[in-house]
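Reproduced below: work_2.cif, with mmCIF, C-alpha atoms and all ligand atoms.
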data_run
#
loop_
_atom_site.label_atom_id
_atom_site.label_comp_id
_atom_site.auth_asym_id
_atom_site.auth_seq_id
_atom_site.Cartn_x
_atom_site.Cartn_y
_atom_site.Cartn_z
CA MET A 1 8.25 93.84 77.39
CA ARG A 2 6.45 95.74 74.65
CA SER A 3 6.49 99.53 75.10
CA HIS A 4 3.23 101.40 75.51
CA TRP A 5 2.00 104.95 75.25
CA SER A 6 1.83 106.50 78.67
CA GLY A 7 -1.94 106.86 78.35
CA ARG A 8 -4.94 107.68 76.23
CA LEU A 9 -3.96 111.30 75.69
CA ALA A 10 -0.51 110.31 74.49
CA PHE A 11 -2.09 107.99 71.94
CA ILE A 12 -4.50 110.70 70.76
CA LEU A 13 -1.60 113.11 70.29
CA ALA A 14 0.57 110.59 68.47
CA ALA A 15 -2.27 109.30 66.27
CA SER A 16 -3.51 112.77 65.40
CA GLY A 17 0.13 113.67 64.83
CA SER A 18 0.23 110.90 62.25
CA ALA A 19 -3.10 111.83 60.69
CA ILE A 20 -2.60 115.58 60.63
CA GLY A 21 0.15 116.42 58.21
CA LEU A 22 0.94 117.68 54.75
CA GLY A 23 -2.26 115.95 53.69
CA ASN A 24 -4.29 118.48 55.65
CA ILE A 25 -2.36 121.69 55.14
CA TRP A 26 -0.81 121.24 51.73
CA LYS A 27 -2.76 118.57 49.83
CA PHE A 28 -6.34 119.12 51.00
CA PRO A 29 -6.50 122.80 50.01
CA TYR A 30 -4.89 122.26 46.62
CA ILE A 31 -6.92 119.23 45.59
CA THR A 32 -10.07 121.00 46.77
CA GLY A 33 -9.05 123.92 44.57
CA GLU A 34 -8.39 121.65 41.61
CA ASN A 35 -11.70 119.86 42.06
CA GLY A 36 -13.92 122.90 42.26
CA GLY A 37 -14.52 123.41 46.01
CA GLY A 38 -17.74 122.72 47.94
CA ALA A 39 -19.04 119.60 46.19
CA PHE A 40 -15.66 117.93 46.58
CA VAL A 41 -15.60 118.87 50.27
CA ILE A 42 -19.00 117.20 50.80
CA ILE A 43 -17.85 113.96 49.17
CA TYR A 44 -14.69 114.08 51.24
CA LEU A 45 -16.61 114.58 54.51
CA LEU A 46 -19.01 111.76 53.66
CA THR A 47 -16.12 109.44 52.90
CA ILE A 48 -14.44 110.24 56.20
CA LEU A 49 -17.66 109.33 57.99
CA ILE A 50 -18.70 106.17 56.16
CA VAL A 51 -15.33 104.76 55.15
CA GLY A 52 -12.62 106.50 57.17
CA LEU A 53 -14.03 106.26 60.69
CA PRO A 54 -14.98 102.53 60.56
CA ILE A 55 -11.61 101.57 59.09
CA PHE A 56 -9.81 103.74 61.62
CA ILE A 57 -11.60 101.92 64.44
CA ALA A 58 -10.80 98.58 62.80
CA GLU A 59 -7.09 99.32 62.47
CA VAL A 60 -6.56 100.60 66.00
CA TYR A 61 -8.55 97.65 67.35
CA ILE A 62 -6.51 95.12 65.35
CA GLY A 63 -3.23 96.57 66.60
CA GLN A 64 -4.40 96.94 70.17
CA ASN A 65 -5.87 93.49 70.33
CA ALA A 66 -2.88 91.73 68.85
CA GLN A 67 -0.14 93.90 70.41
CA LYS A 68 1.91 93.23 67.30
CA ASN A 69 3.21 94.99 64.18
CA ALA A 70 1.05 95.45 61.08
CA VAL A 71 1.93 92.06 59.56
CA SER A 72 1.90 89.72 62.55
CA ALA A 73 -1.19 91.34 64.06
CA PHE A 74 -3.29 89.47 61.50
CA ASN A 75 -1.64 86.16 62.34
CA VAL A 76 -2.30 86.67 66.04
CA ILE A 77 -5.99 87.46 65.55
CA HIS A 78 -6.84 85.11 62.68
CA GLY A 79 -4.53 82.20 63.49
CA LYS A 80 -1.25 81.58 61.72
CA PRO A 81 -0.54 82.29 58.91
CA SER A 82 -3.43 84.54 57.94
CA PRO A 83 -3.80 85.53 54.28
CA PHE A 84 -4.83 88.95 55.59
CA ARG A 85 -1.24 89.59 56.65
CA ALA A 86 -0.89 90.75 53.03
CA ILE A 87 -2.46 93.99 54.32
CA GLY A 88 0.60 94.50 56.50
CA VAL A 89 3.07 93.53 53.81
CA LEU A 90 1.52 95.95 51.31
CA GLY A 91 1.34 98.49 54.13
CA ILE A 92 5.07 98.35 54.66
CA LEU A 93 5.58 98.86 50.94
CA SER A 94 3.22 101.86 51.02
CA ALA A 95 4.99 103.34 54.04
CA PHE A 96 8.25 103.10 52.11
CA LEU A 97 6.87 104.79 49.03
CA ILE A 98 4.93 107.48 50.88
CA LEU A 99 7.80 108.46 53.14
CA SER A 100 10.16 108.71 50.19
CA PHE A 101 8.10 111.48 48.56
CA TYR A 102 6.75 112.91 51.81
CA SER A 103 10.27 113.58 52.98
CA VAL A 104 11.01 115.50 49.78
CA VAL A 105 8.03 117.79 50.43
CA GLY A 106 9.13 118.01 54.07
CA GLY A 107 12.41 119.28 52.63
CA TRP A 108 10.63 122.04 50.64
CA ILE A 109 9.09 123.23 53.89
CA LEU A 110 12.42 123.29 55.72
CA SER A 111 13.92 125.18 52.82
CA PHE A 112 11.11 127.75 52.89
CA GLU A 113 11.55 128.14 56.63
CA TYR A 114 15.20 128.85 56.02
CA LYS A 115 14.32 131.38 53.31
CA VAL A 116 11.99 133.18 55.70
CA LEU A 117 14.56 133.32 58.47
CA THR A 118 17.24 134.66 56.14
CA GLY A 119 14.96 137.41 54.84
CA ALA A 120 14.23 136.14 51.31
CA PHE A 121 10.59 137.22 51.59
CA THR A 122 11.09 140.67 53.03
CA ASP A 123 9.55 143.05 50.46
CA ALA A 124 9.33 140.29 47.86
CA THR A 125 6.82 140.95 45.06
CA PRO A 126 4.04 138.43 44.31
CA GLU A 127 5.87 137.52 41.08
CA THR A 128 9.09 136.67 42.90
CA ILE A 129 7.13 134.69 45.45
CA SER A 130 5.21 132.62 42.94
CA GLY A 131 8.47 131.68 41.25
CA MET A 132 10.17 130.50 44.42
CA LEU A 133 8.94 126.93 44.58
CA GLY A 134 9.72 126.46 40.89
CA GLY A 135 13.23 127.76 41.51
CA LEU A 136 13.77 125.31 44.33
CA LEU A 137 12.44 122.37 42.29
CA GLY A 138 14.90 123.10 39.52
CA ASP A 139 17.85 123.02 41.91
CA TRP A 140 18.54 119.35 42.59
CA LYS A 141 21.38 119.95 45.01
CA SER A 142 19.24 122.03 47.34
CA LEU A 143 16.38 119.55 47.08
CA LEU A 144 18.67 116.71 48.10
CA PHE A 145 20.11 118.69 50.96
CA TRP A 146 16.71 119.53 52.46
CA HIS A 147 15.33 116.04 51.86
CA THR A 148 18.34 114.62 53.70
CA LEU A 149 17.87 116.98 56.62
CA PHE A 150 14.18 116.15 56.92
CA MET A 151 14.91 112.42 56.93
CA LEU A 152 17.64 112.86 59.54
CA ILE A 153 15.29 114.68 61.91
CA THR A 154 12.60 112.03 61.37
CA ALA A 155 15.03 109.20 62.10
CA GLY A 156 16.39 111.15 65.07
CA ILE A 157 12.96 111.13 66.69
CA VAL A 158 12.10 107.51 65.87
CA VAL A 159 15.44 106.27 67.23
CA GLY A 160 14.29 107.41 70.69
CA GLY A 161 11.57 104.68 70.67
CA ILE A 162 7.86 104.93 71.44
CA LYS A 163 7.85 106.83 74.73
CA GLY A 164 11.17 108.61 74.60
CA GLY A 165 10.97 109.53 70.90
CA ILE A 166 7.57 109.47 69.21
CA GLU A 167 5.42 110.31 72.23
CA ARG A 168 7.75 113.02 73.44
CA GLY A 169 7.90 114.49 69.91
CA ALA A 170 4.11 114.48 69.54
CA LYS A 171 3.62 116.13 72.93
CA ILE A 172 5.66 119.11 71.78
CA LEU A 173 4.72 119.18 68.09
CA MET A 174 0.95 118.86 68.32
CA PRO A 175 0.02 121.50 70.94
CA GLY A 176 2.40 123.93 69.20
CA PHE A 177 0.66 123.13 65.96
CA PHE A 178 -2.85 123.81 67.28
CA VAL A 179 -1.92 127.13 68.84
CA LEU A 180 -0.30 128.37 65.64
CA LEU A 181 -3.12 127.23 63.38
CA THR A 182 -5.78 128.90 65.53
CA LEU A 183 -3.77 132.10 65.52
CA LEU A 184 -3.55 132.02 61.73
CA LEU A 185 -7.25 131.43 61.34
CA PHE A 186 -7.99 134.49 63.48
CA ILE A 187 -5.69 136.61 61.36
CA THR A 188 -7.18 135.48 58.06
CA MET A 189 -10.76 136.01 59.29
CA SER A 190 -10.25 139.72 58.94
CA LEU A 191 -9.19 139.48 55.28
CA ASP A 192 -11.56 140.54 52.48
CA GLY A 193 -11.34 137.11 50.90
CA PHE A 194 -12.61 135.21 53.97
CA GLY A 195 -16.25 135.27 52.84
CA ASP A 196 -15.32 134.00 49.39
CA ALA A 197 -13.18 131.27 50.92
CA PHE A 198 -16.10 130.19 53.09
CA ALA A 199 -18.42 130.10 50.09
CA PHE A 200 -15.85 128.23 47.99
CA LEU A 201 -15.54 125.49 50.61
CA PHE A 202 -19.16 125.18 51.68
CA GLN A 203 -21.36 126.08 48.71
CA PRO A 204 -21.42 122.96 46.59
CA ASP A 205 -21.64 123.14 42.83
CA PHE A 206 -22.17 119.54 41.79
CA SER A 207 -21.63 120.30 38.13
CA LYS A 208 -17.94 120.63 38.96
CA LEU A 209 -17.73 117.09 40.26
CA THR A 210 -16.26 114.40 38.01
CA GLY A 211 -15.66 110.67 38.50
CA LYS A 212 -12.05 111.49 39.06
CA SER A 213 -12.87 113.91 41.89
CA ILE A 214 -14.67 111.11 43.70
CA LEU A 215 -11.63 108.84 43.45
CA GLU A 216 -9.52 111.73 44.63
CA ALA A 217 -11.79 112.27 47.66
CA VAL A 218 -11.76 108.58 48.62
CA GLY A 219 -8.01 108.28 48.15
CA HIS A 220 -7.44 111.41 50.16
CA SER A 221 -9.58 110.24 53.05
CA PHE A 222 -7.21 107.26 53.41
CA PHE A 223 -4.14 109.41 53.06
CA THR A 224 -5.25 112.04 55.53
CA LEU A 225 -6.26 109.54 58.23
CA SER A 226 -3.10 107.45 57.65
CA LEU A 227 -5.24 104.42 56.80
CA GLY A 228 -4.79 101.34 54.69
CA MET A 229 -1.05 101.04 55.25
CA GLY A 230 -0.49 99.82 58.78
CA ALA A 231 0.20 103.09 60.59
CA MET A 232 -2.84 102.93 62.84
CA ILE A 233 -2.39 99.19 63.41
CA THR A 234 1.18 99.90 64.49
CA TYR A 235 0.25 102.83 66.74
CA GLY A 236 -2.72 100.85 68.09
CA SER A 237 -0.36 98.04 69.05
CA PHE A 238 1.30 100.32 71.60
CA LEU A 239 -2.05 101.13 73.21
CA GLU A 240 -2.87 99.30 76.46
CA LYS A 241 -5.63 96.76 75.99
CA LYS A 242 -7.83 98.43 78.61
CA GLU A 243 -8.29 101.65 76.56
CA GLN A 244 -11.61 102.11 74.74
CA VAL A 245 -10.97 102.56 71.03
CA PHE A 246 -14.28 104.03 69.89
CA LYS A 247 -14.14 107.48 71.48
CA ILE A 248 -10.45 107.84 70.80
CA ALA A 249 -11.07 107.13 67.11
CA ILE A 250 -13.82 109.73 66.91
CA ALA A 251 -11.54 112.29 68.55
CA VAL A 252 -8.69 111.70 66.09
CA CYS A 253 -10.90 111.65 62.96
CA ALA A 254 -12.68 114.82 64.11
CA LEU A 255 -9.42 116.64 64.85
CA ASP A 256 -8.02 115.69 61.46
CA THR A 257 -11.12 116.92 59.65
CA ILE A 258 -11.32 120.18 61.60
CA VAL A 259 -7.67 120.91 60.84
CA ALA A 260 -8.16 120.29 57.11
CA VAL A 261 -11.13 122.67 57.01
CA MET A 262 -9.26 125.30 59.04
CA ALA A 263 -6.25 125.04 56.73
CA GLY A 264 -8.55 125.32 53.71
CA LEU A 265 -10.17 128.47 55.10
CA VAL A 266 -6.79 130.04 55.83
CA MET A 267 -5.34 129.20 52.44
CA PHE A 268 -8.33 130.24 50.34
CA SER A 269 -8.91 133.48 52.27
CA VAL A 270 -5.46 134.55 51.17
CA THR A 271 -5.92 133.17 47.66
CA PHE A 272 -9.08 135.22 47.12
CA THR A 273 -7.78 138.32 48.87
CA TYR A 274 -4.79 138.47 46.55
CA GLY A 275 -6.68 137.50 43.40
CA GLN A 276 -4.89 134.17 42.97
CA GLU A 277 -6.33 131.04 41.34
CA PRO A 278 -7.65 128.43 43.81
CA SER A 279 -6.68 125.75 41.30
CA SER A 280 -3.00 126.55 41.23
CA GLY A 281 -2.03 123.04 42.39
CA PRO A 282 0.81 121.91 44.66
CA ALA A 283 2.37 125.38 44.69
CA LEU A 284 -0.73 126.87 46.40
CA MET A 285 0.53 126.90 49.98
CA PHE A 286 4.02 127.95 48.97
CA SER A 287 2.83 131.11 47.31
CA THR A 288 -0.31 132.14 49.22
CA MET A 289 1.18 132.24 52.68
CA PRO A 290 4.30 134.23 51.79
CA MET A 291 2.12 136.65 49.79
CA LEU A 292 -0.02 137.36 52.81
CA PHE A 293 2.75 137.79 55.30
CA SER A 294 5.35 139.56 53.24
CA GLN A 295 3.05 142.59 53.14
CA MET A 296 2.24 142.73 56.85
CA THR A 297 4.13 144.38 59.67
CA GLY A 298 5.71 141.61 61.69
CA GLY A 299 4.80 139.28 58.83
CA THR A 300 8.18 137.59 58.81
CA TYR A 301 7.56 136.25 62.30
CA LEU A 302 4.16 134.97 61.33
CA LEU A 303 5.50 133.37 58.20
CA ALA A 304 8.25 131.72 60.21
CA ALA A 305 5.57 130.48 62.60
CA PHE A 306 3.53 129.16 59.69
CA PHE A 307 6.33 127.09 58.21
CA ALA A 308 7.23 125.90 61.71
CA LEU A 309 3.65 124.67 62.05
CA VAL A 310 3.81 122.79 58.77
CA THR A 311 7.18 121.32 59.76
CA PHE A 312 5.68 120.05 63.03
CA ALA A 313 2.76 118.47 61.21
CA ALA A 314 4.97 116.88 58.58
CA LEU A 315 7.42 115.44 61.11
CA SER A 316 4.78 113.92 63.34
CA SER A 317 3.38 112.11 60.27
CA ALA A 318 6.76 111.08 58.90
CA ILE A 319 7.70 109.40 62.17
CA SER A 320 4.60 107.21 62.00
CA LEU A 321 5.49 106.15 58.46
CA LEU A 322 8.97 105.15 59.52
CA GLU A 323 7.71 103.37 62.65
CA VAL A 324 5.49 101.05 60.55
CA VAL A 325 8.61 99.70 58.87
CA VAL A 326 10.80 99.76 61.98
CA ALA A 327 8.23 98.03 64.21
CA TYR A 328 7.97 95.16 61.74
CA PHE A 329 11.68 94.61 61.20
CA SER A 330 12.66 95.06 64.82
CA GLU A 331 10.00 92.64 66.00
CA GLU A 332 10.22 89.97 63.35
CA ARG A 333 13.78 90.12 62.11
CA ASN A 334 15.60 90.19 65.37
CA MET A 335 16.99 93.65 64.94
CA SER A 336 17.20 96.33 67.60
CA HIS A 337 14.77 99.26 67.22
CA LYS A 338 17.74 101.57 66.77
CA LYS A 339 19.43 99.52 64.11
CA ALA A 340 16.18 99.06 62.15
CA THR A 341 15.59 102.82 62.28
CA VAL A 342 19.01 103.66 60.90
CA ILE A 343 18.93 101.02 58.14
CA PHE A 344 15.42 101.73 56.88
CA ALA A 345 15.61 105.49 57.17
CA GLY A 346 18.71 105.12 54.98
CA ILE A 347 16.98 103.00 52.35
CA ILE A 348 13.91 105.24 52.24
CA TRP A 349 16.15 108.29 51.96
CA ALA A 350 17.86 106.69 48.97
CA VAL A 351 14.54 105.93 47.25
CA GLY A 352 13.48 109.51 48.03
CA ILE A 353 16.35 110.77 45.91
CA LEU A 354 14.47 109.48 42.86
CA CYS A 355 11.50 111.62 43.89
CA ALA A 356 13.65 114.71 44.37
CA LEU A 357 15.29 114.22 40.98
CA SER A 358 11.92 113.80 39.26
CA PHE A 359 11.60 117.59 39.17
CA ASN A 360 14.90 118.27 37.46
CA VAL A 361 17.49 115.73 36.33
CA LEU A 362 14.88 113.03 35.61
CA SER A 363 12.20 115.37 34.34
CA GLY A 364 10.88 114.02 31.06
CA VAL A 365 12.29 110.57 31.89
CA PHE A 366 10.04 109.31 34.69
CA ASP A 367 8.08 111.08 37.40
CA PHE A 368 8.75 108.90 40.46
CA PHE A 369 7.26 111.54 42.75
CA ASP A 370 3.89 111.48 41.02
CA PHE A 371 3.95 107.71 40.54
CA PHE A 372 4.62 107.00 44.23
CA ASP A 373 1.97 109.50 45.27
CA LYS A 374 -0.74 108.21 42.91
CA SER A 375 0.00 104.51 43.32
CA THR A 376 -0.22 104.74 47.11
CA THR A 377 -3.09 107.21 47.43
CA HIS A 378 -5.27 105.85 44.65
CA VAL A 379 -4.44 102.16 44.73
CA LEU A 380 -2.46 100.69 47.63
CA MET A 381 -4.12 102.52 50.52
CA PRO A 382 -7.72 102.07 49.34
CA PHE A 383 -6.94 98.41 48.65
CA GLY A 384 -5.45 97.96 52.12
CA GLY A 385 -8.50 99.69 53.58
CA LEU A 386 -10.86 97.49 51.61
CA LEU A 387 -9.22 94.31 52.91
CA THR A 388 -9.19 95.72 56.45
CA ALA A 389 -12.93 96.44 56.28
CA ILE A 390 -13.54 92.88 55.08
CA PHE A 391 -11.36 91.46 57.87
CA PHE A 392 -13.12 93.58 60.48
CA GLY A 393 -16.62 93.01 59.11
CA TRP A 394 -16.44 89.34 58.21
CA ILE A 395 -13.62 87.65 60.13
CA ILE A 396 -13.67 89.23 63.57
CA PRO A 397 -16.60 87.74 65.55
CA GLU A 398 -19.59 89.96 66.14
CA GLU A 399 -19.30 89.94 69.96
CA LYS A 400 -15.74 91.19 69.73
CA VAL A 401 -16.75 94.10 67.52
CA TYR A 402 -19.60 94.96 69.87
CA GLY A 403 -17.13 94.76 72.75
CA ILE A 404 -15.31 97.80 71.32
CA PHE A 405 -18.46 99.85 71.89
CA GLY A 406 -19.32 98.38 75.28
CA GLY A 407 -22.21 96.32 73.85
CA PRO A 408 -24.52 96.06 70.82
CA THR A 409 -25.36 99.77 70.79
CA THR A 410 -26.71 101.56 67.73
CA ALA A 411 -23.26 102.92 66.93
CA ALA A 412 -21.81 99.41 67.18
CA ARG A 413 -24.42 97.96 64.82
CA CYS A 414 -23.97 100.84 62.40
CA ILE A 415 -20.21 100.49 62.25
CA ARG A 416 -20.45 96.74 61.81
CA PHE A 417 -22.98 97.07 59.03
CA ILE A 418 -20.86 99.69 57.28
CA SER A 419 -17.71 97.57 57.51
CA ARG A 420 -19.48 94.51 56.16
CA PHE A 421 -21.32 96.04 53.25
CA ILE A 422 -21.01 99.73 52.59
CA ALA A 423 -17.31 100.48 52.99
CA PRO A 424 -16.04 97.52 50.92
CA THR A 425 -18.53 98.15 48.13
CA ALA A 426 -17.90 101.89 48.02
CA VAL A 427 -14.13 101.52 47.94
CA ALA A 428 -14.20 98.66 45.42
CA VAL A 429 -16.42 100.57 42.99
CA VAL A 430 -14.38 103.74 43.25
CA MET A 431 -11.13 101.82 42.79
CA ILE A 432 -12.30 99.92 39.73
CA VAL A 433 -13.62 103.05 38.05
CA GLY A 434 -10.53 105.01 39.01
CA LEU A 435 -8.12 102.32 37.86
CA SER A 436 -9.79 101.87 34.51
CA ASP A 437 -9.67 105.65 34.09
CA TRP A 438 -6.00 105.68 34.98
CA ILE A 439 -5.12 102.83 32.60
CA THR A 440 -7.17 104.10 29.69
CA GLY A 441 -5.76 107.56 30.39
N1 LIG A 501 -1.88 111.37 57.25
C1 LIG A 501 -0.69 112.02 56.83
C2 LIG A 501 -1.04 113.40 56.27
O1 LIG A 501 -2.18 113.75 56.18
C3 LIG A 501 0.10 111.23 55.83
C4 LIG A 501 0.33 109.83 56.23
C5 LIG A 501 -0.17 108.80 55.48
C6 LIG A 501 1.01 109.54 57.42
C7 LIG A 501 -0.01 107.50 55.88
C8 LIG A 501 1.16 108.24 57.83
C9 LIG A 501 0.64 107.22 57.07
O2 LIG A 501 -0.18 114.12 55.89
#

Is it possible to give me this structure as structure tokens?
Ligand code: PHE
Amino acid sequence: MRSHWSGRLAFILAASGSAIGLGNIWKFPYITGENGGGAFVIIYLLTILIVGLPIFIAEVYIGQNAQKNAVSAFNVIHGKPSPFRAIGVLGILSAFLILSFYSVVGGWILSFEYKVLTGAFTDATPETISGMLGGLLGDWKSLLFWHTLFMLITAGIVVGGIKGGIERGAKILMPGFFVLLTLLLFITMSLDGFGDAFAFLFQPDFSKLTGKSILEAVGHSFFTLSLGMGAMITYGSFLEKKEQVFKIAIAVCALDTIVAVMAGLVMFSVTFTYGQEPSSGPALMFSTMPMLFSQMTGGTYLLAAFFALVTFAALSSAISLLEVVVAYFSEERNMSHKKATVIFAGIIWAVGILCALSFNVLSGVFDFFDFFDKSTTHVLMPFGGLLTAIFFGWIIPEEKVYGIFGGPTTAARCIRFISRFIAPTAVAVVMIVGLSDWITG
């Protein structure tokens, strides 16, 4: 018997646990900073609506309908063997690559949490703080230690299975996450920089937008919603067939977007209050938050809470990445769920070592970290999403698509039209332009 989520709420928690992660709290603020703010945010929001939401619905539907892993789901729906199963195969590859660098960043967070708890930030000056991430990146032994720990915790949750592991994890991690994030937003609202942060995120200046920013926005909308790589097909496959996908999908996409905007407001309020540069890249979160809290009474507790929040978000995403791989191998290769978890967590951990060493030992040789990030976010995930939109728009019969919405309603027609024409064209154009940019440097 295939396991199932205990209900709709459990699915919403697990799926938003997958969607909400480092992409929202770490990546979204820093790429928004690098791409000039408001105009980028508008493109990102539009992409979520016209590309992200339809593909999200498609993926959950495919999984739910087939009740199978990301590869075989296409065979079940399309008839065996479907060429579209390539989506699942590429998805498993993406899950591998993403988790290998994601776990390294997860390790940075654990390491910062440890620093907070052992008092490294008490009375630290802004200069010391801004050098901390750099210091960690130069120290390969520490990086490997924290990467290993993060991967162990991830595997420890996934080993418990769908209900006993992933669902139970998400039920603790996600509510804790929301409470902490709301608390942080309230605190930062009283900072001098809040108004500037608001303006930075919501006042568009289109002259700052480049072709590259558009590719970045499209790629990020896939990354942040965990699309184009089988995660939502896999999670959808544990959803009972009677559940209505449409409203659930809206809830998850909305939650993910709200969290990204909240995290952006928090991060930029601090950035502007302390006169930092919004475009300071991946280090943004690791310096802004300690700067804010190290100067506040009781700040250590808040900082500890902040890194706990990011740890929760990162773990609940990492488990979905691992489950994509585990679900496939345990279902198709006659392996127990436990055994598949141990073996593949081990292999991904080993590949992750290359990412951790990219910052030190391998620096100047090859940047695996950046390569895995860019090749998945800018190429593999959009490509997977493009094929999924085509499958959903052109292969699945019209009545079935309308069935998801309870009939041929306006929303149903809209989503079908978008998946047939708009989403594939938009993603294809952006990918071609982006790829030629990437190749020609
Ligand atoms: N959506 C996650 C985040 O925003 C990352 C992720 C991508 C998780 C793909 C699962 C699958 O951090």

Taking only residues of chain A that have an atom at most 6 Å from an atom of ligand LIG 501 (chain A), what is each one's shortest atom pair and its distance in Å to one decimal, using all atoms listed in the file, in chain and number order, as a tab-separated table?
residue	atom	partner	partner_atom	distance
A:Ser18	CA	A:LIG501	C6	5.1
A:Ala19	CA	A:LIG501	N1	3.7
A:Ile20	CA	A:LIG501	O1	4.8
A:Gly21	CA	A:LIG501	O2	3.3
A:Leu22	CA	A:LIG501	O2	3.9
A:Gly23	CA	A:LIG501	O1	3.3
A:Asn24	CA	A:LIG501	O1	5.2
A:Phe223	CA	A:LIG501	C5	4.7
A:Thr224	CA	A:LIG501	O1	3.6
A:Leu225	CA	A:LIG501	N1	4.8
A:Ser226	CA	A:LIG501	C7	3.6
A:Ala231	CA	A:LIG501	C9	5.4
A:Ser317	CA	A:LIG501	C6	4.5
A:Ser320	CA	A:LIG501	C8	5.5
A:Leu321	CA	A:LIG501	C8	4.8

Write the residues of the selection above to a file with C-alpha atoms, as a tab-separated table (two decimals), in the frame of the given file.
chain	number	residue	atom	x	y	z
A	18	SER	CA	0.23	110.90	62.25
A	19	ALA	CA	-3.10	111.83	60.69
A	20	ILE	CA	-2.60	115.58	60.63
A	21	GLY	CA	0.15	116.42	58.21
A	22	LEU	CA	0.94	117.68	54.75
A	23	GLY	CA	-2.26	115.95	53.69
A	24	ASN	CA	-4.29	118.48	55.65
A	223	PHE	CA	-4.14	109.41	53.06
A	224	THR	CA	-5.25	112.04	55.53
A	225	LEU	CA	-6.26	109.54	58.23
A	226	SER	CA	-3.10	107.45	57.65
A	231	ALA	CA	0.20	103.09	60.59
A	317	SER	CA	3.38	112.11	60.27
A	320	SER	CA	4.60	107.21	62.00
A	321	LEU	CA	5.49	106.15	58.46

### Message
List the spatial neighbours of Lys247 in chain A as number ranges by chain - criterion: any atom at most 10 Å away, only C-alpha atoms, same-chain residues fewer than 3 positions off excluded.
### Response
A: 57, 243-244, 250-252, 404-405

### Task
For range 118-134 of chain A, please output as a PyMOL selection string all residues within 9 Å (counting all atoms listed in the file; exclusion window: fewer than 4 positions along the same chain).
chain A and resi 108+112-114+138-139+283-284+286-288+290-291+293-295+299-300

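Take CA of Pro29 in chain A and CA of Tyr102 in chain A: the distance between them is 16.6 Å.
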
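Here CA of Ile25 in chain A and CA of Ser6 in chain A stand 28.3 Å from one another.
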
As JSON, what would the box around range 421-431 of chain A look like: edges along x, y and z, 6 Å added on every side, centre and edge lengths in Å to one decimal?
{"center_x": -16.2, "center_y": 99.9, "center_z": 48.0, "size_x": 22.2, "size_y": 19.7, "size_z": 22.5}

### Counting only C-alpha atoms, the residue of A:Arg2, A:Phe177, A:Leu49, A:Gly193 that sits nearest Gln276 in chain A
A:Gly193

### Query
Neighbours of Leu227 in chain A within 12 Å (all atoms listed in the file; same-chain residues fewer than 5 positions away dropped), as JSON, numbers by chain?
{"A": [15, 18, 19, 48, 51, 52, 53, 54, 55, 56, 57, 58, 59, 60, 70, 87, 88, 91, 94, 95, 218, 219, 220, 221, 222, 232, 233, 234, 235, 253, 320, 321, 324, 376, 377, 380, 381, 382, 383, 384, 385, 386, 387, 388, 389]}

Here's a test: counting all atoms listed in the file, identify every protein, DNA and RNA residue with an atom at most 10 Å from (7.6, 106.4, 70.7) in the file's coordinate frame, and state them as a short mmCIF file (atom, residue, chain, number, x, y, z; two decimals) with C-alpha atoms, in the frame of the given file.
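Okay, this is what ended up in point-v9.cif:
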data_model
loop_
_atom_site.label_atom_id
_atom_site.label_comp_id
_atom_site.auth_asym_id
_atom_site.auth_seq_id
_atom_site.Cartn_x
_atom_site.Cartn_y
_atom_site.Cartn_z
CA SER A 3 6.49 99.53 75.10
CA HIS A 4 3.23 101.40 75.51
CA TRP A 5 2.00 104.95 75.25
CA SER A 6 1.83 106.50 78.67
CA ALA A 10 -0.51 110.31 74.49
CA PHE A 11 -2.09 107.99 71.94
CA ALA A 14 0.57 110.59 68.47
CA ILE A 157 12.96 111.13 66.69
CA VAL A 158 12.10 107.51 65.87
CA VAL A 159 15.44 106.27 67.23
CA GLY A 160 14.29 107.41 70.69
CA GLY A 161 11.57 104.68 70.67
CA ILE A 162 7.86 104.93 71.44
CA LYS A 163 7.85 106.83 74.73
CA GLY A 164 11.17 108.61 74.60
CA GLY A 165 10.97 109.53 70.90
CA ILE A 166 7.57 109.47 69.21
CA GLU A 167 5.42 110.31 72.23
CA ARG A 168 7.75 113.02 73.44
CA GLY A 169 7.90 114.49 69.91
CA ALA A 170 4.11 114.48 69.54
CA TYR A 235 0.25 102.83 66.74
CA PHE A 238 1.30 100.32 71.60
CA ILE A 319 7.70 109.40 62.17
CA SER A 320 4.60 107.21 62.00
CA GLU A 323 7.71 103.37 62.65
#

So which residues touch Phe371 in chain A within 12 Å, counting only C-alpha atoms, skipping near sequence neighbours fewer than 3 positions away, as a tab-separated table (two decimals) with C-alpha atoms, in the frame of the given file?
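selection-v2.tsv, written as the output of this step:
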chain	number	residue	atom	x	y	z
A	97	LEU	CA	6.87	104.79	49.03
A	98	ILE	CA	4.93	107.48	50.88
A	100	SER	CA	10.16	108.71	50.19
A	101	PHE	CA	8.10	111.48	48.56
A	354	LEU	CA	14.47	109.48	42.86
A	355	CYS	CA	11.50	111.62	43.89
A	358	SER	CA	11.92	113.80	39.26
A	366	PHE	CA	10.04	109.31	34.69
A	367	ASP	CA	8.08	111.08	37.40
A	368	PHE	CA	8.75	108.90	40.46
A	374	LYS	CA	-0.74	108.21	42.91
A	375	SER	CA	0.00	104.51	43.32
A	376	THR	CA	-0.22	104.74	47.11
A	377	THR	CA	-3.09	107.21	47.43
A	378	HIS	CA	-5.27	105.85	44.65
A	379	VAL	CA	-4.44	102.16	44.73
A	380	LEU	CA	-2.46	100.69	47.63
A	438	TRP	CA	-6.00	105.68	34.98

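Considering the residues A:Phe74, A:Tyr61, A:Trp394, A:Tyr30 and counting only C-alpha atoms, Lys241 in chain A has its shortest atom-to-atom contact with A:Tyr61.
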